[in-house]
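Pasted below: coords_16.cif, mmCIF, C-alpha atoms.
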```cif
data_start
#
loop_
_atom_site.label_atom_id
_atom_site.label_comp_id
_atom_site.auth_asym_id
_atom_site.auth_seq_id
_atom_site.Cartn_x
_atom_site.Cartn_y
_atom_site.Cartn_z
CA MET M 1 18.19 75.86 221.49
CA ASP M 2 15.83 74.14 223.94
CA TYR M 3 12.08 74.03 223.36
CA LYS M 4 10.03 75.77 226.07
CA ASP M 5 6.73 74.16 227.03
CA TYR M 6 4.96 77.22 228.38
CA TYR M 7 1.86 75.25 229.38
CA ALA M 8 3.98 72.83 231.45
CA VAL M 9 5.82 75.76 233.08
CA MET M 10 2.49 77.07 234.37
CA GLY M 11 0.94 73.63 234.93
CA LEU M 12 -1.96 74.37 232.60
CA PRO M 13 -3.78 72.39 229.89
CA ARG M 14 -3.46 73.67 226.33
CA ASP M 15 -7.11 74.73 226.29
CA ALA M 16 -6.83 76.87 229.43
CA SER M 17 -8.92 80.03 229.40
CA LEU M 18 -7.41 83.50 229.71
CA ASP M 19 -8.86 83.79 233.24
CA GLU M 20 -7.20 80.52 234.25
CA ILE M 21 -3.87 81.73 232.84
CA ARG M 22 -4.08 85.00 234.75
CA ARG M 23 -5.13 83.38 238.04
CA THR M 24 -2.42 80.73 237.80
CA TYR M 25 0.26 83.30 237.03
CA ARG M 26 -0.70 85.51 239.97
CA LYS M 27 -0.65 82.52 242.31
CA LEU M 28 2.69 81.17 241.11
CA ALA M 29 4.31 84.61 240.85
CA ARG M 30 3.54 85.23 244.53
CA ARG M 31 4.93 81.82 245.43
CA TYR M 32 8.21 82.20 243.53
CA HIS M 33 8.88 85.94 243.82
CA PRO M 34 12.60 86.15 244.76
CA ASP M 35 11.95 88.76 247.44
CA VAL M 36 9.66 86.50 249.46
CA SER M 37 10.17 82.90 248.33
CA LYS M 38 12.32 80.43 250.23
CA GLU M 39 12.40 78.01 247.28
CA ALA M 40 15.95 77.20 246.12
CA ASN M 41 15.14 77.84 242.45
CA ALA M 42 12.77 80.76 243.03
CA GLU M 43 14.52 83.27 240.80
CA HIS M 44 14.73 80.83 237.87
CA ARG M 45 11.09 79.75 238.25
CA PHE M 46 9.92 83.35 238.52
CA LYS M 47 11.70 84.23 235.29
CA GLU M 48 10.31 81.12 233.55
CA LEU M 49 6.79 82.00 234.65
CA GLY M 50 7.14 85.57 233.41
CA GLU M 51 8.19 84.37 229.98
CA ALA M 52 5.40 81.78 229.77
CA TYR M 53 2.82 84.34 230.87
CA GLU M 54 4.07 86.89 228.33
CA VAL M 55 3.21 84.41 225.56
CA LEU M 56 0.04 82.75 226.86
CA LYS M 57 -1.72 85.93 228.01
CA ASP M 58 -1.56 87.41 224.50
CA PRO M 59 -4.07 85.76 222.13
CA LYS M 60 -1.95 86.29 219.00
CA ARG M 61 1.34 85.23 220.54
CA ARG M 62 -0.35 82.19 222.03
CA ALA M 63 -1.88 81.31 218.67
CA ALA M 64 1.52 81.61 217.00
CA TYR M 65 3.11 79.40 219.65
CA ASP M 66 0.36 76.79 219.28
CA GLN M 67 1.09 76.65 215.52
CA LEU M 68 4.13 74.54 216.44
CA GLY M 69 1.84 71.72 217.57
CA SER M 70 1.70 69.69 220.77
CA ASP M 71 4.33 67.03 219.97
CA TRP M 72 7.26 69.03 221.30
CA ARG M 73 8.58 68.38 224.83
CA ALA M 74 10.39 70.74 227.16
CA GLY M 75 14.16 70.61 226.70
CA GLN M 76 14.07 69.08 223.21
CA ASP M 77 16.52 70.56 220.72
CA PHE M 78 14.38 72.98 218.74
CA ARG M 79 14.60 74.78 215.43
CA PRO M 80 11.45 76.44 214.11
CA PRO M 81 10.10 74.46 211.14
CA PRO M 82 10.69 76.55 208.00
CA ASP M 83 6.97 76.83 207.21
CA TRP M 84 5.53 77.02 210.72
CA ASP M 85 4.06 80.51 210.24
CA ALA M 86 3.33 80.47 206.48
CA GLY M 87 -0.09 81.86 205.65
CA PHE M 88 -0.78 83.26 209.12
CA GLN M 89 -1.18 86.93 209.90
CA PHE M 90 0.10 88.25 213.19
CA THR M 91 0.32 91.61 214.88
CA GLY M 92 3.61 93.49 214.74
CA ASP M 93 4.08 94.94 218.23
CA ALA M 94 7.83 94.58 218.73
CA PHE M 95 9.40 94.24 222.17
CA LYS M 96 12.01 96.69 223.36
CA GLN M 97 15.52 95.28 223.27
CA GLY M 98 15.78 95.18 227.07
CA GLU M 99 12.54 93.23 227.34
CA GLN M 100 13.77 90.67 224.81
CA ALA M 101 17.06 90.21 226.62
CA ALA M 102 15.18 89.14 229.77
CA PHE M 103 13.83 86.05 228.02
CA SER M 104 15.28 82.82 226.62
CA ASP M 105 16.80 82.18 223.20
CA PHE M 106 13.65 80.21 222.35
CA PHE M 107 11.46 83.24 223.06
CA GLN M 108 13.68 85.59 221.07
CA ALA M 109 13.79 83.20 218.09
CA MET M 110 10.00 82.98 218.06
CA PHE M 111 8.86 86.43 219.17
CA GLY M 112 11.80 88.76 219.46
CA HIS M 113 14.17 90.39 217.00
CA GLY M 114 13.86 88.49 213.72
CA GLY M 115 10.62 86.77 214.77
CA TRP M 116 7.18 87.68 213.55
CA THR M 117 6.42 90.20 216.30
CA GLY M 118 9.41 92.32 215.42
CA ALA M 119 9.28 92.07 211.63
CA ALA M 120 7.58 95.43 211.13
CA GLY M 121 9.62 97.18 213.80
CA PHE M 122 6.57 99.26 214.71
CA ARG M 123 4.68 99.93 217.91
CA PRO M 124 1.21 101.42 217.51
CA GLY M 125 1.30 105.19 217.90
CA ARG M 126 -0.70 108.30 217.06
CA ASP M 127 -1.41 109.90 213.72
CA ALA M 128 -0.88 113.58 213.13
CA ALA M 129 -4.65 113.94 213.07
CA GLY M 130 -4.77 112.85 216.69
CA GLY M 131 -6.24 109.35 216.39
CA GLY M 132 -4.49 106.10 217.23
CA ARG M 133 -2.77 104.42 214.29
CA GLY M 134 -3.53 100.73 213.97
CA ALA M 135 -0.84 98.12 214.51
CA ASP M 136 1.15 96.82 211.58
CA HIS M 137 0.56 93.17 210.76
CA ASN M 138 2.99 90.60 209.33
CA ALA M 139 2.52 87.40 207.38
CA ARG M 140 4.81 84.96 205.63
CA ILE M 141 3.78 83.80 202.18
CA GLU M 142 5.22 81.17 199.86
CA VAL M 143 5.57 81.76 196.14
CA GLY M 144 6.79 79.65 193.25
CA LEU M 145 9.89 80.31 191.15
CA GLU M 146 7.65 81.08 188.17
CA ASP M 147 5.93 83.85 190.19
CA VAL M 148 9.30 85.42 190.95
CA PHE M 149 10.67 84.97 187.42
CA ASN M 150 7.68 86.44 185.61
CA GLY M 151 5.81 88.42 188.26
CA SER M 152 2.22 87.47 189.06
CA THR M 153 -0.93 88.30 190.96
CA LEU M 154 -1.81 85.73 193.61
CA SER M 155 -5.06 85.08 195.43
CA LEU M 156 -4.06 84.54 199.06
CA GLN M 157 -5.90 83.33 202.10
CA LEU M 158 -4.39 84.46 205.39
CA ALA M 159 -5.59 82.93 208.64
CA ILE M 160 -5.62 85.22 211.66
CA PRO M 161 -5.53 82.90 214.70
CA GLU M 162 -7.33 84.23 217.77
CA TYR M 163 -8.40 82.99 221.22
CA ASP M 164 -11.45 84.04 223.17
CA THR M 165 -11.37 84.53 226.94
CA ARG M 166 -12.35 80.88 227.46
CA GLY M 167 -9.31 79.57 225.62
CA ARG M 168 -11.15 78.57 222.47
CA ARG M 169 -9.27 79.17 219.24
CA ARG M 170 -10.73 80.26 215.95
CA ASP M 171 -9.04 81.24 212.70
CA ARG M 172 -10.45 84.29 210.96
CA VAL M 173 -9.76 83.86 207.23
CA ARG M 174 -8.90 86.86 205.10
CA LYS M 175 -8.73 86.84 201.28
CA LEU M 176 -6.37 89.13 199.37
CA GLN M 177 -5.20 89.74 195.81
CA VAL M 178 -1.46 90.45 195.96
CA LYS M 179 0.85 91.51 193.14
CA ILE M 180 4.19 89.67 193.33
CA PRO M 181 6.81 91.89 191.66
CA ARG M 182 9.03 90.34 189.01
CA GLY M 183 12.45 89.57 190.48
CA VAL M 184 11.43 89.75 194.16
CA THR M 185 14.09 88.00 196.25
CA ASN M 186 13.72 85.45 199.03
CA GLY M 187 13.01 87.20 202.34
CA LYS M 188 11.90 90.46 200.69
CA ARG M 189 8.89 92.17 202.27
CA ILE M 190 5.93 93.48 200.30
CA ARG M 191 4.10 96.35 202.01
CA LEU M 192 0.34 96.68 201.66
CA PRO M 193 -0.57 100.12 203.07
CA GLY M 194 -3.66 100.27 205.26
CA GLN M 195 -4.14 96.50 205.35
CA GLY M 196 -3.07 96.06 208.98
CA ALA M 197 -5.15 96.57 212.11
CA ALA M 198 -7.81 99.27 212.14
CA GLY M 199 -6.92 102.48 213.94
CA ARG M 200 -8.85 104.15 216.71
CA PRO M 201 -11.37 106.83 215.64
CA GLY M 202 -9.50 109.51 213.70
CA GLY M 203 -6.47 107.29 213.08
CA HIS M 204 -5.28 105.39 210.04
CA ALA M 205 -5.09 101.62 209.75
CA GLY M 206 -1.72 99.97 210.05
CA ASP M 207 0.09 98.26 207.20
CA LEU M 208 0.41 94.60 206.27
CA PHE M 209 3.92 93.31 205.50
CA LEU M 210 4.18 90.08 203.51
CA GLU M 211 7.54 88.34 203.78
CA VAL M 212 8.23 86.36 200.61
CA HIS M 213 9.64 82.83 200.83
CA MET M 214 10.23 80.72 197.75
CA ARG M 215 8.91 77.18 197.62
CA ALA M 216 11.37 74.43 196.79
CA HIS M 217 11.49 73.77 193.05
CA PRO M 218 11.87 70.24 191.63
CA LEU M 219 14.71 71.32 189.29
CA PHE M 220 16.25 74.61 190.41
CA GLN M 221 17.85 75.80 193.62
CA VAL M 222 17.88 79.53 194.35
CA ASP M 223 21.09 81.24 195.46
CA GLY M 224 20.38 84.97 195.70
CA LYS M 225 19.58 85.96 192.14
CA ASP M 226 21.36 82.92 190.67
CA LEU M 227 19.83 79.52 189.95
CA LEU M 228 21.55 76.14 190.29
CA LEU M 229 20.63 73.11 188.18
CA ASN M 230 22.13 69.64 188.65
CA LEU M 231 22.60 68.15 185.16
CA PRO M 232 23.21 64.39 184.76
CA ILE M 233 25.55 63.49 181.89
CA THR M 234 26.99 60.19 180.62
CA PRO M 235 30.68 59.26 180.84
CA SER M 236 30.98 59.52 177.04
CA GLU M 237 29.43 63.03 177.06
CA ALA M 238 31.91 64.03 179.76
CA ALA M 239 34.92 62.50 177.96
CA LEU M 240 34.13 63.57 174.40
CA GLY M 241 32.06 66.71 174.94
CA ALA M 242 28.50 67.20 173.76
CA LYS M 243 25.75 69.72 173.06
CA ILE M 244 22.88 69.13 175.49
CA GLU M 245 19.49 70.79 175.79
CA VAL M 246 18.90 72.01 179.35
CA PRO M 247 15.84 73.58 181.01
CA THR M 248 15.73 77.19 182.22
CA PRO M 249 12.73 79.04 183.70
CA ALA M 250 12.34 80.80 180.32
CA GLY M 251 12.55 77.62 178.23
CA ARG M 252 15.10 75.08 177.07
CA VAL M 253 18.50 76.17 175.66
CA ASP M 254 21.55 74.39 174.23
CA LEU M 255 24.60 73.99 176.45
CA ASN M 256 28.04 72.92 175.23
CA ILE M 257 29.70 70.34 177.48
CA PRO M 258 33.49 70.61 177.06
CA ALA M 259 35.52 67.47 176.39
CA GLY M 260 37.08 66.14 179.58
CA ALA M 261 34.32 67.58 181.81
CA ARG M 262 34.42 66.60 185.48
CA SER M 263 31.64 65.68 187.86
CA GLY M 264 30.82 68.73 189.98
CA GLN M 265 32.11 71.16 187.35
CA ARG M 266 29.96 74.28 186.98
CA LEU M 267 29.02 75.83 183.66
CA ARG M 268 27.42 79.28 183.55
CA LEU M 269 24.44 80.40 181.51
CA ARG M 270 24.71 84.16 181.82
CA GLY M 271 21.53 86.15 182.36
CA ARG M 272 19.40 83.04 182.79
CA GLY M 273 18.86 83.54 186.52
CA ILE M 274 16.31 85.66 188.39
CA PRO M 275 15.61 89.05 186.75
CA VAL M 276 16.49 92.14 188.77
CA PRO M 277 14.39 95.25 188.04
CA GLY M 278 16.77 98.03 187.01
CA GLY M 279 19.82 95.76 187.23
CA ALA M 280 21.58 92.80 185.66
CA PRO M 281 19.76 89.46 185.97
CA GLY M 282 21.34 86.55 187.76
CA ASP M 283 22.93 83.56 186.07
CA GLN M 284 22.01 79.91 185.87
CA LEU M 285 24.79 77.65 187.08
CA VAL M 286 24.71 74.12 185.68
CA VAL M 287 26.42 71.56 187.92
CA LEU M 288 27.56 68.49 185.97
CA GLN M 289 26.85 65.09 187.53
CA ILE M 290 28.43 62.13 185.70
CA VAL M 291 26.11 59.12 185.90
CA VAL M 292 27.69 55.71 185.26
CA PRO M 293 25.57 53.09 183.43
CA ALA M 294 24.99 49.90 185.40
CA ALA M 295 26.84 46.74 184.37
CA ASP M 296 23.61 44.74 184.56
CA THR M 297 24.12 42.41 181.56
CA PRO M 298 27.02 40.14 180.55
CA ALA M 299 27.67 42.30 177.50
CA LYS M 300 27.89 45.52 179.55
CA LYS M 301 30.11 43.85 182.11
CA ALA M 302 32.43 42.65 179.34
CA LEU M 303 32.59 46.17 177.92
CA TYR M 304 33.64 47.59 181.31
CA GLU M 305 36.31 44.89 181.63
CA ARG M 306 37.61 45.78 178.17
CA MET M 307 37.70 49.47 179.08
CA ALA M 308 39.68 48.68 182.23
CA GLN M 309 42.25 46.81 180.13
CA GLU M 310 42.49 49.21 177.20
CA MET M 311 42.12 52.48 179.13
CA PRO M 312 44.12 52.05 182.34
CA PHE M 313 43.43 55.04 184.57
CA ASP M 314 44.06 55.74 188.27
CA PRO M 315 41.87 58.61 189.53
CA ARG M 316 43.52 58.29 192.98
CA ALA M 317 47.11 58.77 191.83
CA HIS M 318 47.27 62.16 193.56
CA LEU M 319 46.53 60.46 196.91
CA ALA M 320 49.74 58.42 196.86
CA GLY M 321 52.02 59.32 199.77
#
```
File written out as structure tokens:
Amino acid sequence: MDYKDYYAVMGLPRDASLDEIRRTYRKLARRYHPDVSKEANAEHRFKELGEAYEVLKDPKRRAAYDQLGSDWRAGQDFRPPPDWDAGFQFTGDAFKQGEQAAFSDFFQAMFGHGGWTGAAGFRPGRDAAGGGRGADHNARIEVGLEDVFNGSTLSLQLAIPEYDTRGRRRDRVRKLQVKIPRGVTNGKRIRLPGQGAAGRPGGHAGDLFLEVHMRAHPLFQVDGKDLLLNLPITPSEAALGAKIEVPTPAGRVDLNIPAGARSGQRLRLRGRGIPVPGGAPGDQLVVLQIVVPAADTPAKKALYERMAQEMPFDPRAHLAG
């Protein structure tokens, strides 16, 4: 997917005011409108301008786009950084499917289906009481494995990026206390009723949806409700078997290594994965990694040479033609 430099498309500096963006779009749209333009690439340019304007005219979309930074260049291969929108609160006014289809893959990845604008799937409407319901808001938060394993209450600061009409950005900081349910899975959304945008007089506020993402852990990898742990073992432990103490999120437990264990072999600790409310917990999978001691002294080198003589072994025998 190619990165789109919307400022370059419109020939504007990154600190352009909203008035400058509007004036420039009107001027360029007249120039490249396919019905009147004689430019060879008029239709393509007109579509590019429409997409750029759709982002830069909206303060929240523009703020989200600017979160990516200014180091990207048009046409570069682009994948959104995994934490580009963590801790930022954005409005949730989703585009209609037809509107999304008119724009590039880059736009849809950032702002369309699956992006932050569409996460709530809600367009502001009217309450039964007659007032206008406020827009739903979305934010992405990062939690630790311990928060998921035990449940916790976190103090969060969400930044709401905004632009004024002169193109000046400010981040409005919001503080929240949020209960993280025990066993919440990666990508799960937590709904906070009434914590979105305020409604018009007579209408209710929208909701705030927090999408949970788990921070990388120094020991464990998360696979659904299961956990993976890479466990280094010695050649003698692999050959002879051993009882080894291994860490789990709930504390250390003993694990029996079978004799003749192989590197990459998986052993299962049942029920030691992520708890699932009302269901069976996940498992912890222990992946064995045989670590060979270095032959860094004459005595160790001599021992390896003796092993090679007394224990002839060809691990590549199965590769013979």
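Counting from CA of Arg270 (chain M), the distance to CA of Asp226 (chain M) is 9.5 Å.
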*On this structure, which residues satisfy the PyMOL selection byres ((chain M and resi 28) around 10), written as number ranges by chain?*
M: 10-11, 23-27, 29-33, 45-46, 49-50
Limited to C-alpha atoms, could you put the picked residues into a file as a JSON list (two decimals), keeping the file's coordinate frame?
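Saved file out_5.json follows:
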```json
[["chain", "number", "residue", "atom", "x", "y", "z"],
["M", 10, "MET", "CA", 2.49, 77.07, 234.37],
["M", 11, "GLY", "CA", 0.94, 73.63, 234.93],
["M", 23, "ARG", "CA", -5.13, 83.38, 238.04],
["M", 24, "THR", "CA", -2.42, 80.73, 237.80],
["M", 25, "TYR", "CA", 0.26, 83.30, 237.03],
["M", 26, "ARG", "CA", -0.70, 85.51, 239.97],
["M", 27, "LYS", "CA", -0.65, 82.52, 242.31],
["M", 29, "ALA", "CA", 4.31, 84.61, 240.85],
["M", 30, "ARG", "CA", 3.54, 85.23, 244.53],
["M", 31, "ARG", "CA", 4.93, 81.82, 245.43],
["M", 32, "TYR", "CA", 8.21, 82.20, 243.53],
["M", 33, "HIS", "CA", 8.88, 85.94, 243.82],
["M", 45, "ARG", "CA", 11.09, 79.75, 238.25],
["M", 46, "PHE", "CA", 9.92, 83.35, 238.52],
["M", 49, "LEU", "CA", 6.79, 82.00, 234.65],
["M", 50, "GLY", "CA", 7.14, 85.57, 233.41]]
```
*Have a look at CA of Gly206 (chain M) and CA of Leu192 (chain M) and let me know their distance in Å, one decimal.*
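Computed distance, CA of Gly206 (chain M) to CA of Leu192 (chain M), equals 9.2 Å.
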*With distances taken over all atoms listed in the file, which of M:Asn186, M:Ser263, M:Asn256, M:Gln108 is nearest to Ile141 (chain M)?*
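Under the stated criterion, the closest residue is M:Asn186.
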*For CA of Met110 (chain M) and CA of Asp2 (chain M), determine how far apart the two atoms are, in Å to one decimal place.*
12.1 Å
*Picked residues, the PyMOL selection byres ((chain M and resi 291-303) around 10), expected as a PyMOL selection string*: chain M and resi 231-236+238+263+288-290+304-309
Grab the residues selected above and save them as a JSON list (two decimals), keeping the file's coordinate frame with C-alpha atoms.
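Result file is out.json:
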```json
[["chain", "number", "residue", "atom", "x", "y", "z"],
["M", 231, "LEU", "CA", 22.60, 68.15, 185.16],
["M", 232, "PRO", "CA", 23.21, 64.39, 184.76],
["M", 233, "ILE", "CA", 25.55, 63.49, 181.89],
["M", 234, "THR", "CA", 26.99, 60.19, 180.62],
["M", 235, "PRO", "CA", 30.68, 59.26, 180.84],
["M", 236, "SER", "CA", 30.98, 59.52, 177.04],
["M", 238, "ALA", "CA", 31.91, 64.03, 179.76],
["M", 263, "SER", "CA", 31.64, 65.68, 187.86],
["M", 288, "LEU", "CA", 27.56, 68.49, 185.97],
["M", 289, "GLN", "CA", 26.85, 65.09, 187.53],
["M", 290, "ILE", "CA", 28.43, 62.13, 185.70],
["M", 304, "TYR", "CA", 33.64, 47.59, 181.31],
["M", 305, "GLU", "CA", 36.31, 44.89, 181.63],
["M", 306, "ARG", "CA", 37.61, 45.78, 178.17],
["M", 307, "MET", "CA", 37.70, 49.47, 179.08],
["M", 308, "ALA", "CA", 39.68, 48.68, 182.23],
["M", 309, "GLN", "CA", 42.25, 46.81, 180.13]]
```
_Distance query Ile21 (chain M) at most 10 Å, all atoms listed in the file, self and fewer than 4 positions along chain excluded, as number ranges by chain_ = M: 7, 10-13, 16-17, 25-26, 52-53, 56-57, 165, 167
*Given the file shown, determine the residues that the PyMOL selection byres ((chain M and resi 63) around 8) selects; report them as a PyMOL selection string.*
chain M and resi 59-62+64-67+161-163+169
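The residue that comes closest to Arg266 (chain M), out of M:Ala205, M:Leu285, M:Leu229, M:Val178 and on the basis of all atoms listed in the file, is M:Leu285.
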_Neighbour list for region 246-250 of chain M as an MDAnalysis selection string, cut-off 12 Å, all atoms listed in the file, skip fewer than 2 positions in-chain_ = chainID M and resid 144:150 217:222 226:233 243:244 252:257 267:275 283:288
*Of the candidates M:Ala74, M:Ala139, M:Ala197, M:Ala40, which shows the shortest atom-to-atom distance to Val9 (chain M), using all atoms listed in the file?*
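Of all the options, M:Ala74 lies closest to Val9 (chain M).
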Could you list, as a PDB file with C-alpha atoms, keeping the file's coordinate frame, every residue within 9 Å of Glu211 (chain M), counting only C-alpha atoms and ignoring same-chain residues fewer than 6 positions away?
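Printed below is around.pdb as written:
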```pdb
ATOM      1  CA  ALA M 119       9.280  92.070 211.630  1.00  0.00           C
ATOM      2  CA  ASN M 138       2.990  90.600 209.330  1.00  0.00           C
ATOM      3  CA  ALA M 139       2.520  87.400 207.380  1.00  0.00           C
ATOM      4  CA  ARG M 140       4.810  84.960 205.630  1.00  0.00           C
ATOM      5  CA  ILE M 141       3.780  83.800 202.180  1.00  0.00           C
ATOM      6  CA  GLU M 142       5.220  81.170 199.860  1.00  0.00           C
ATOM      7  CA  ASN M 186      13.720  85.450 199.030  1.00  0.00           C
ATOM      8  CA  GLY M 187      13.010  87.200 202.340  1.00  0.00           C
ATOM      9  CA  LYS M 188      11.900  90.460 200.690  1.00  0.00           C
ATOM     10  CA  ARG M 189       8.890  92.170 202.270  1.00  0.00           C
ATOM     11  CA  ILE M 190       5.930  93.480 200.300  1.00  0.00           C
ATOM     12  CA  ARG M 191       4.100  96.350 202.010  1.00  0.00           C
TER      13      ARG M 191
END
```
Could you work out an axis-aligned bounding box for all listed atoms of region 51-58 of chain M, with 8 Å added on each of the six sides, and give its centre and edge lengths in Å to one decimal, as AutoDock Vina command-line options?
```
--center_x 3.2 --center_y 84.6 --center_z 227.7 --size_x 25.9 --size_y 21.6 --size_z 22.4
```
For Ser104 (chain M), work out the shell of residues within 9 Å, counting only C-alpha atoms and skipping chain neighbours fewer than 4 positions away, then give it as an mmCIF file with C-alpha atoms, keeping the file's coordinate frame.
```cif
data_model
loop_
_atom_site.group_PDB
_atom_site.id
_atom_site.type_symbol
_atom_site.label_atom_id
_atom_site.label_comp_id
_atom_site.auth_asym_id
_atom_site.auth_seq_id
_atom_site.Cartn_x
_atom_site.Cartn_y
_atom_site.Cartn_z
ATOM 1 C CA LYS M 4 10.030 75.770 226.070
ATOM 2 C CA GLU M 48 10.310 81.120 233.550
ATOM 3 C CA GLU M 51 8.190 84.370 229.980
ATOM 4 C CA GLN M 100 13.770 90.670 224.810
ATOM 5 C CA GLN M 108 13.680 85.590 221.070
ATOM 6 C CA ALA M 109 13.790 83.200 218.090
#
```
*Go through M:Val173, M:Val143, M:Val36, M:Leu154 and flag the residue nearest Thr185 (chain M), using all atoms listed in the file for the distances.*
M:Val143
*Quick one: of M:Phe107, M:Phe209, M:Trp72, M:Phe78, who's nearest to Ala135 (chain M), counting all atoms listed in the file?*
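Checking each candidate against Ala135 (chain M), we get M:Phe209 as the closest.
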